[in-house]
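*Asks:* Please see the structure below; I have some questions.
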Amino acid sequence: MTESADERLERLERRVRELEDRLALYQLIATYGPAVDSGTSEVVGSLWTEAGFYDTFPVVLEGRDEIAAMVLGDRHQSYMANGCAHVQGMPHIAIHGDTAVATLYSQLFLRDDENDGFRLWRVAANRWELVREAGGWRVVGRVNKLLDGSPDGRELLRRGIEDEPV
Amino acid sequence: MTESADERLERLERRVRELEDRLALYQLIATYGPAVDSGTSEVVGSLWTEAGFYDTFPVVLEGRDEIAAMVLGDRHQSYMANGCAHVQGMPHIAIHGDTAVATLYSQLFLRDDENDGFRLWRVAANRWELVREAGGWRVVGRVNKLLDGSPDGRELLRRGIEDEPV
Amino acid sequence: MTESADERLERLERRVRELEDRLALYQLIATYGPAVDSGTSEVVGSLWTEAGFYDTFPVVLEGRDEIAAMVLGDRHQSYMANGCAHVQGMPHIAIHGDTAVATLYSQLFLRDDENDGFRLWRVAANRWELVREAGGWRVVGRVNKLLDGSPDGRELLRRGIEDEPV
């Protein structure tokens with residue numbers, strides 16, 4: 001049975017929508033580093049939903065305002081003054097309608113003047129749970145687990161990919 | 001001469017197919033790290049064709065089963081117990097119909113408890129040769145070359161890009 | 001009011017064009033590392049417009065020929081002989097018609113034989129300004145700022161994202 005022009009258009013629209021979703025999620029994740037490393041707290045906050053959380057050892061930040069406040073806090077400001085880079089890797093993405101999960105590695109590099117270079121302080125497994133809101137995709141919850149040999153990081157990585165065969 | 005609606009639809013379908021291919025290849029590459037670092041050997045194996053190989057100094061693993069078995073082997077399990085991250089970078093991709101080549105950097109980070117951080121043990125030039133199968137894109141062969149100043153890594157990188165002007 | 005098939009086709013064509021632009025920009029950025037680390041100077045040069053510049057501390061290279069010549073120069077050749085990897089991260093991209101800005105991190109890893117590993121010498125904030133030419137997207141100007149705690153890097157990162165809410 002031949003597909004009608006209308007059906008072909010609808011199918012294309014669905015496929016293009018999924019491609020746009022995927023690239024919007026890449027873009028959102030690629031915004032985090034530049035926002036946090038420049039201290040642009042309102043942009044960092046805007047990546048999350050109003051009530052979204054960020055579980056980053058050892059703290060859990062609850063809500064967009066707490067997440068934005070972290071950027072202005074002493075600890076993060078001292079990283080910025082030292083020189084820091086929060087690099088987010090290329091994510092594995094699973095989209096289910098209006099929700100999505102991104103699984104990726106984050107790295108935190110700190111300037112190391114003594115050695116005329118940078119040191120890699122943290123490498124973490126990341127799970128970003130996302131939802132489509134009226135204004136676009138937002139983070140409902142982000143969990144980081146340090147890849148220090150404990151099982152939590154491995155479980156997080158496995159969970160992100162095991163239900164999503166390529 | 002004006003293009004008919006039918007011709008426009010066909011052209012769009014081809015363009016959308018190529019975009020989907022590109023993003024499927026990104027996704028496949030972004031699956032490797034989470035699969036291998038969580039010890040999910042069957043997912044690692046499933047990224048390759050049945051007879052696909054993985055040439056990673058100094059060994060060459062032949063076939064999906066040998067590749068999956070590597071994940072469960074002593075060496076890799078000791079990396080996992082220590083804390084490890086196999087980070088694959090954003091690839092350069094050349095698609096030719098049902099085959100593709102991805103050229104990228106892989107990095108292997110190991111937890112370094114003594115220095116409260118991570119050390120970068122390996123940075124390798126990567127060539128992933130891929131084929132479209134019924135179930136999606138799969139790796140026919142992957143070759144890693146350490147970027148230690150020897151010519152192999154440079155030749156691999158050059159080969160990936162020189163026939164593909166941007 | 002219902003959209004006509006013609007209007008739907010036009011809208012799809014615009015959306016697909018933007019997706020293609022985004023992926024073409026990813027590809028261009030992913031070409032830089034393999035080109036420069038393999039010493040393929042003509043490919044490095046071809047990423048820029050004829051008069052494009054590359055401001056990389058402490059030098060400013062003016063024009064495609066100077067940029068290509070840098071690849072063949074003593075300093076860069078010594079990096080290659082030692083073992084080097086110029087890794088470009090996943091970019092934040094803002095497209096405005098025929099111009100675009102990509103904001104990302106670049107990393108320069110050097111082989112460190114003494115420690116059987118690699119050291120991270122430089123992490124820089126990057127701003128790539130791009131233009132669509134007849135042959136595709138090209139770099140008009142690229143600026144790198146070391147993330148050493150001075151404000152330049154932070155300002156570059158902020159500028160890339162603040163006008164582009166996700």
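How things are named: the first chain in the structure tokens is A, the next is B, and so on; residues count from 1 in each chain; ligands count from 1 in the order shown.
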Name all residues at most 10 Å from Glu10 of chain B (count only C-alpha atoms; drop same-chain ones fewer than 6 positions away) and give them as a JSON list (two decimals) with C-alpha atoms, in the first residue's frame.

*Replies:*
[["chain", "number", "residue", "atom", "x", "y", "z"],
["A", 8, "ARG", "CA", 4.64, 11.02, 4.32],
["B", 4, "SER", "CA", 7.16, 18.59, -7.71],
["B", 16, "VAL", "CA", 16.37, 13.29, 7.16]]

*Asks:* Compile the residues of chain A that lie within 6 Å of chain C, evaluated using only C-alpha atoms, and express the compilation as a PyMOL selection string.

*Replies:* chain A and resi 27+30-31+34+38+80-83+111+117-118

*Asks:* For Thr99 of chain A, which of A:Glu133, A:Glu62, A:Glu114, A:Glu7 is the closest residue, counting only C-alpha atoms?

*Replies:*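 Answer, going by the shortest atom-to-atom distance: A:Glu133.
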
*Asks:* Please list as a PyMOL selection string every residue within 12 Å of Gly135 of chain A, counting only C-alpha atoms and excluding residues in the same chain fewer than 3 positions away.

*Replies:* (chain A and resi 24+46-49+131-132+138) or (chain C and resi 165-166)

*Asks:* Please produce a file of those selected residues containing C-alpha atoms, as a short mmCIF file (atom, residue, chain, number, x, y, z; two decimals), in the first residue's frame.

*Replies:*
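Output contents, as saved in result-v4.cif:
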data_model
loop_
_atom_site.label_atom_id
_atom_site.label_comp_id
_atom_site.auth_asym_id
_atom_site.auth_seq_id
_atom_site.Cartn_x
_atom_site.Cartn_y
_atom_site.Cartn_z
CA ALA A 24 18.17 20.41 21.81
CA SER A 46 17.25 28.04 33.91
CA LEU A 47 18.47 24.64 32.71
CA TRP A 48 16.43 22.98 35.48
CA THR A 49 12.70 22.91 36.09
CA VAL A 131 11.27 16.79 30.65
CA ARG A 132 9.81 18.81 27.80
CA ARG A 138 14.58 21.13 31.24
CA PRO C 165 18.48 30.87 26.33
CA VAL C 166 17.96 27.14 25.89
#

*Asks:* Could you pull out all residues of chain C with a DSSP call of helix (DSSP H, G or I) and give them as a ChimeraX atom specification?

*Replies:* /C:5-37,41-46,64-72,74-82,113-115,151-162

*Asks:* Selected residues, C-alpha atoms, written as an mmCIF file, in the first residue's frame, please.

*Replies:*
data_model
loop_
_atom_site.group_PDB
_atom_site.id
_atom_site.type_symbol
_atom_site.label_atom_id
_atom_site.label_comp_id
_atom_site.auth_asym_id
_atom_site.auth_seq_id
_atom_site.Cartn_x
_atom_site.Cartn_y
_atom_site.Cartn_z
ATOM 1 C CA ALA C 5 0.956 20.795 2.009
ATOM 2 C CA ASP C 6 3.186 23.380 0.382
ATOM 3 C CA GLU C 7 3.550 25.337 3.614
ATOM 4 C CA ARG C 8 4.282 22.156 5.519
ATOM 5 C CA LEU C 9 6.988 21.255 3.030
ATOM 6 C CA GLU C 10 8.549 24.691 3.306
ATOM 7 C CA ARG C 11 8.547 24.562 7.060
ATOM 8 C CA LEU C 12 10.090 21.100 7.060
ATOM 9 C CA GLU C 13 12.760 22.236 4.622
ATOM 10 C CA ARG C 14 13.688 25.110 6.950
ATOM 11 C CA ARG C 15 13.834 22.815 9.963
ATOM 12 C CA VAL C 16 15.948 20.252 8.151
ATOM 13 C CA ARG C 17 18.264 22.984 6.953
ATOM 14 C CA GLU C 18 18.838 24.128 10.529
ATOM 15 C CA LEU C 19 19.540 20.569 11.682
ATOM 16 C CA GLU C 20 22.010 20.140 8.818
ATOM 17 C CA ASP C 21 23.697 23.408 9.797
ATOM 18 C CA ARG C 22 24.093 22.267 13.379
ATOM 19 C CA LEU C 23 25.584 18.932 12.383
ATOM 20 C CA ALA C 24 27.847 20.572 9.796
ATOM 21 C CA LEU C 25 29.199 22.800 12.565
ATOM 22 C CA TYR C 26 29.777 19.805 14.844
ATOM 23 C CA GLN C 27 31.619 18.110 11.995
ATOM 24 C CA LEU C 28 33.772 21.156 11.268
ATOM 25 C CA ILE C 29 34.798 21.423 14.913
ATOM 26 C CA ALA C 30 35.484 17.666 15.082
ATOM 27 C CA THR C 31 37.778 18.008 12.056
ATOM 28 C CA TYR C 32 40.186 20.425 13.698
ATOM 29 C CA GLY C 33 41.857 17.988 16.109
ATOM 30 C CA PRO C 34 42.528 15.153 13.649
ATOM 31 C CA ALA C 35 43.770 17.689 11.078
ATOM 32 C CA VAL C 36 46.158 19.529 13.384
ATOM 33 C CA ASP C 37 47.418 16.433 15.218
ATOM 34 C CA SER C 41 48.016 21.701 7.248
ATOM 35 C CA GLU C 42 45.865 22.240 4.157
ATOM 36 C CA VAL C 43 42.824 20.766 5.908
ATOM 37 C CA VAL C 44 43.444 22.922 8.978
ATOM 38 C CA GLY C 45 43.647 26.005 6.735
ATOM 39 C CA SER C 46 40.527 25.027 4.806
ATOM 40 C CA ARG C 64 44.272 30.771 6.138
ATOM 41 C CA ASP C 65 47.890 30.656 4.996
ATOM 42 C CA GLU C 66 49.348 31.711 8.341
ATOM 43 C CA ILE C 67 47.105 29.208 10.110
ATOM 44 C CA ALA C 68 48.223 26.397 7.797
ATOM 45 C CA ALA C 69 51.848 27.486 8.220
ATOM 46 C CA MET C 70 51.544 27.208 12.011
ATOM 47 C CA VAL C 71 50.881 23.489 11.611
ATOM 48 C CA LEU C 72 54.198 23.078 9.781
ATOM 49 C CA ASP C 74 58.747 24.046 14.697
ATOM 50 C CA ARG C 75 56.612 24.437 17.794
ATOM 51 C CA HIS C 76 53.679 22.426 16.515
ATOM 52 C CA GLN C 77 55.916 19.806 14.882
ATOM 53 C CA SER C 78 57.646 19.272 18.221
ATOM 54 C CA TYR C 79 54.262 18.609 19.866
ATOM 55 C CA MET C 80 53.493 16.054 17.179
ATOM 56 C CA ALA C 81 56.853 14.331 17.626
ATOM 57 C CA ASN C 82 56.221 14.165 21.363
ATOM 58 C CA ASP C 113 56.616 9.275 28.923
ATOM 59 C CA GLU C 114 58.061 9.601 32.416
ATOM 60 C CA ASN C 115 54.689 8.914 33.968
ATOM 61 C CA PRO C 151 38.438 37.093 33.617
ATOM 62 C CA ASP C 152 38.915 36.766 29.840
ATOM 63 C CA GLY C 153 37.972 33.108 29.637
ATOM 64 C CA ARG C 154 34.924 33.588 31.813
ATOM 65 C CA GLU C 155 33.753 36.557 29.735
ATOM 66 C CA LEU C 156 34.149 34.594 26.533
ATOM 67 C CA LEU C 157 32.044 31.744 27.923
ATOM 68 C CA ARG C 158 29.372 34.068 29.233
ATOM 69 C CA ARG C 159 29.115 35.976 25.963
ATOM 70 C CA GLY C 160 28.512 32.742 24.052
ATOM 71 C CA ILE C 161 25.493 31.684 26.046
ATOM 72 C CA GLU C 162 23.850 34.736 27.547
#

*Asks:* Using only C-alpha atoms, which protein or nucleic acid residues come within 6 Å of Arg127 of chain A? Drop anything in the same chain fewer than 3 positions from it, and give the result as a count of residues only.

*Replies:* 4

*Asks:* Could you tell me, as an mmCIF file with N, CA and C atoms, in the first residue's frame, which residues of segment 76-132 of chain A DSSP assigns to strand (DSSP E or B) when given the backbone?

*Replies:*
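Written file, selection_3.cif:
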data_model
loop_
_atom_site.group_PDB
_atom_site.id
_atom_site.type_symbol
_atom_site.label_atom_id
_atom_site.label_comp_id
_atom_site.auth_asym_id
_atom_site.auth_seq_id
_atom_site.Cartn_x
_atom_site.Cartn_y
_atom_site.Cartn_z
ATOM 1 N N CYS A 84 38.838 26.995 36.299
ATOM 2 C CA CYS A 84 38.169 25.698 36.304
ATOM 3 C C CYS A 84 37.432 25.470 34.994
ATOM 4 N N ALA A 85 37.201 24.201 34.702
ATOM 5 C CA ALA A 85 36.431 23.834 33.511
ATOM 6 C C ALA A 85 35.589 22.615 33.837
ATOM 7 N N HIS A 86 34.290 22.779 33.745
ATOM 8 C CA HIS A 86 33.337 21.681 33.951
ATOM 9 C C HIS A 86 32.948 21.157 32.576
ATOM 10 N N VAL A 87 33.643 20.144 32.120
ATOM 11 C CA VAL A 87 33.450 19.653 30.754
ATOM 12 C C VAL A 87 32.473 18.478 30.762
ATOM 13 N N GLN A 88 31.410 18.608 29.975
ATOM 14 C CA GLN A 88 30.407 17.547 29.859
ATOM 15 C C GLN A 88 30.660 16.796 28.555
ATOM 16 N N HIS A 92 24.873 9.751 25.832
ATOM 17 C CA HIS A 92 23.912 8.757 25.350
ATOM 18 C C HIS A 92 22.534 9.282 25.727
ATOM 19 N N ILE A 93 21.605 9.291 24.782
ATOM 20 C CA ILE A 93 20.287 9.887 25.034
ATOM 21 C C ILE A 93 19.179 8.900 24.711
ATOM 22 N N ALA A 94 18.251 8.771 25.643
ATOM 23 C CA ALA A 94 17.038 7.975 25.408
ATOM 24 C C ALA A 94 15.842 8.906 25.569
ATOM 25 N N ILE A 95 15.039 9.023 24.512
ATOM 26 C CA ILE A 95 13.864 9.904 24.547
ATOM 27 C C ILE A 95 12.611 9.041 24.537
ATOM 28 N N HIS A 96 11.695 9.352 25.470
ATOM 29 C CA HIS A 96 10.401 8.678 25.479
ATOM 30 C C HIS A 96 9.334 9.758 25.536
ATOM 31 N N THR A 99 9.729 12.916 27.922
ATOM 32 C CA THR A 99 10.794 12.759 28.917
ATOM 33 C C THR A 99 12.018 12.159 28.231
ATOM 34 N N ALA A 100 13.152 12.351 28.864
ATOM 35 C CA ALA A 100 14.393 11.835 28.285
ATOM 36 C C ALA A 100 15.393 11.591 29.398
ATOM 37 N N VAL A 101 16.340 10.714 29.116
ATOM 38 C CA VAL A 101 17.456 10.463 30.035
ATOM 39 C C VAL A 101 18.753 10.602 29.240
ATOM 40 N N ALA A 102 19.679 11.390 29.777
ATOM 41 C CA ALA A 102 21.005 11.501 29.169
ATOM 42 C C ALA A 102 22.022 10.908 30.134
ATOM 43 N N THR A 103 22.909 10.081 29.597
ATOM 44 C CA THR A 103 23.946 9.421 30.392
ATOM 45 C C THR A 103 25.289 9.824 29.817
ATOM 46 N N LEU A 104 26.167 10.352 30.661
ATOM 47 C CA LEU A 104 27.412 10.927 30.160
ATOM 48 C C LEU A 104 28.441 11.027 31.270
ATOM 49 N N TYR A 105 29.655 11.422 30.894
ATOM 50 C CA TYR A 105 30.727 11.690 31.840
ATOM 51 C C TYR A 105 30.885 13.202 32.001
ATOM 52 N N SER A 106 31.061 13.645 33.231
ATOM 53 C CA SER A 106 31.469 15.028 33.455
ATOM 54 C C SER A 106 32.872 15.017 34.044
ATOM 55 N N GLN A 107 33.620 16.047 33.720
ATOM 56 C CA GLN A 107 34.995 16.179 34.201
ATOM 57 C C GLN A 107 35.167 17.575 34.770
ATOM 58 N N LEU A 108 35.866 17.638 35.902
ATOM 59 C CA LEU A 108 36.180 18.946 36.477
ATOM 60 C C LEU A 108 37.698 19.123 36.492
ATOM 61 N N PHE A 109 38.169 20.037 35.668
ATOM 62 C CA PHE A 109 39.585 20.366 35.586
ATOM 63 C C PHE A 109 39.851 21.637 36.377
ATOM 64 N N LEU A 110 40.944 21.631 37.132
ATOM 65 C CA LEU A 110 41.351 22.817 37.886
ATOM 66 C C LEU A 110 42.733 23.249 37.425
ATOM 67 N N ARG A 111 42.905 24.539 37.303
ATOM 68 C CA ARG A 111 44.218 25.081 36.962
ATOM 69 C C ARG A 111 45.229 24.676 38.020
ATOM 70 N N ASP A 112 46.413 24.259 37.568
ATOM 71 C CA ASP A 112 47.492 23.831 38.467
ATOM 72 C C ASP A 112 48.724 24.638 38.074
ATOM 73 N N GLY A 117 49.911 23.648 34.183
ATOM 74 C CA GLY A 117 48.939 22.815 33.490
ATOM 75 C C GLY A 117 47.627 22.774 34.252
ATOM 76 N N PHE A 118 46.931 21.685 34.089
ATOM 77 C CA PHE A 118 45.651 21.494 34.760
ATOM 78 C C PHE A 118 45.638 20.106 35.383
ATOM 79 N N ARG A 119 44.908 19.967 36.481
ATOM 80 C CA ARG A 119 44.744 18.637 37.027
ATOM 81 C C ARG A 119 43.277 18.247 36.935
ATOM 82 N N LEU A 120 43.073 16.952 36.767
ATOM 83 C CA LEU A 120 41.718 16.425 36.649
ATOM 84 C C LEU A 120 41.306 15.960 38.028
ATOM 85 N N TRP A 121 40.436 16.739 38.638
ATOM 86 C CA TRP A 121 40.071 16.452 40.000
ATOM 87 C C TRP A 121 38.968 15.395 40.066
ATOM 88 N N ARG A 122 37.970 15.569 39.191
ATOM 89 C CA ARG A 122 36.821 14.679 39.266
ATOM 90 C C ARG A 122 36.402 14.176 37.894
ATOM 91 N N VAL A 123 36.128 12.888 37.826
ATOM 92 C CA VAL A 123 35.434 12.316 36.675
ATOM 93 C C VAL A 123 34.214 11.607 37.238
ATOM 94 N N ALA A 124 33.041 12.004 36.772
ATOM 95 C CA ALA A 124 31.813 11.462 37.352
ATOM 96 C C ALA A 124 30.905 10.895 36.274
ATOM 97 N N ALA A 125 30.239 9.801 36.623
ATOM 98 C CA ALA A 125 29.134 9.288 35.822
ATOM 99 C C ALA A 125 27.930 10.183 36.084
ATOM 100 N N ASN A 126 27.219 10.519 35.019
ATOM 101 C CA ASN A 126 26.098 11.454 35.122
ATOM 102 C C ASN A 126 24.812 10.869 34.572
ATOM 103 N N ARG A 127 23.733 11.097 35.298
ATOM 104 C CA ARG A 127 22.392 10.793 34.791
ATOM 105 C C ARG A 127 21.569 12.072 34.852
ATOM 106 N N TRP A 128 21.164 12.526 33.701
ATOM 107 C CA TRP A 128 20.318 13.721 33.624
ATOM 108 C C TRP A 128 18.913 13.250 33.206
ATOM 109 N N GLU A 129 17.916 13.506 34.049
ATOM 110 C CA GLU A 129 16.533 13.190 33.672
ATOM 111 C C GLU A 129 15.875 14.490 33.235
ATOM 112 N N LEU A 130 15.240 14.437 32.080
ATOM 113 C CA LEU A 130 14.765 15.678 31.463
ATOM 114 C C LEU A 130 13.293 15.577 31.108
ATOM 115 N N VAL A 131 12.681 16.734 31.014
ATOM 116 C CA VAL A 131 11.266 16.786 30.651
ATOM 117 C C VAL A 131 11.065 17.940 29.659
ATOM 118 N N ARG A 132 10.128 17.753 28.751
ATOM 119 C CA ARG A 132 9.805 18.813 27.800
ATOM 120 C C ARG A 132 8.782 19.743 28.438
#

*Asks:* Given the choices B:Asp98, B:Thr40, B:Val59, B:Glu3, which gets closest to Val139 of chain B if the distance is worked out from only C-alpha atoms?

*Replies:*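 Once distances to Val139 of chain B are computed over only C-alpha atoms, the minimum belongs to B:Asp98.
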
*Asks:* In Å to one decimal, how far is atom CA of Gly39 of chain C from atom CA of Tyr54 of chain B?

*Replies:* 25.9 Å

*Asks:* If I take atom CA of Phe53 of chain B and atom CA of Val140 of chain B, how far is one from the other in Å, to one decimal?

*Replies:*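 If I compute the distance from atom CA of Phe53 of chain B to atom CA of Val140 of chain B, I get 6.4 Å.
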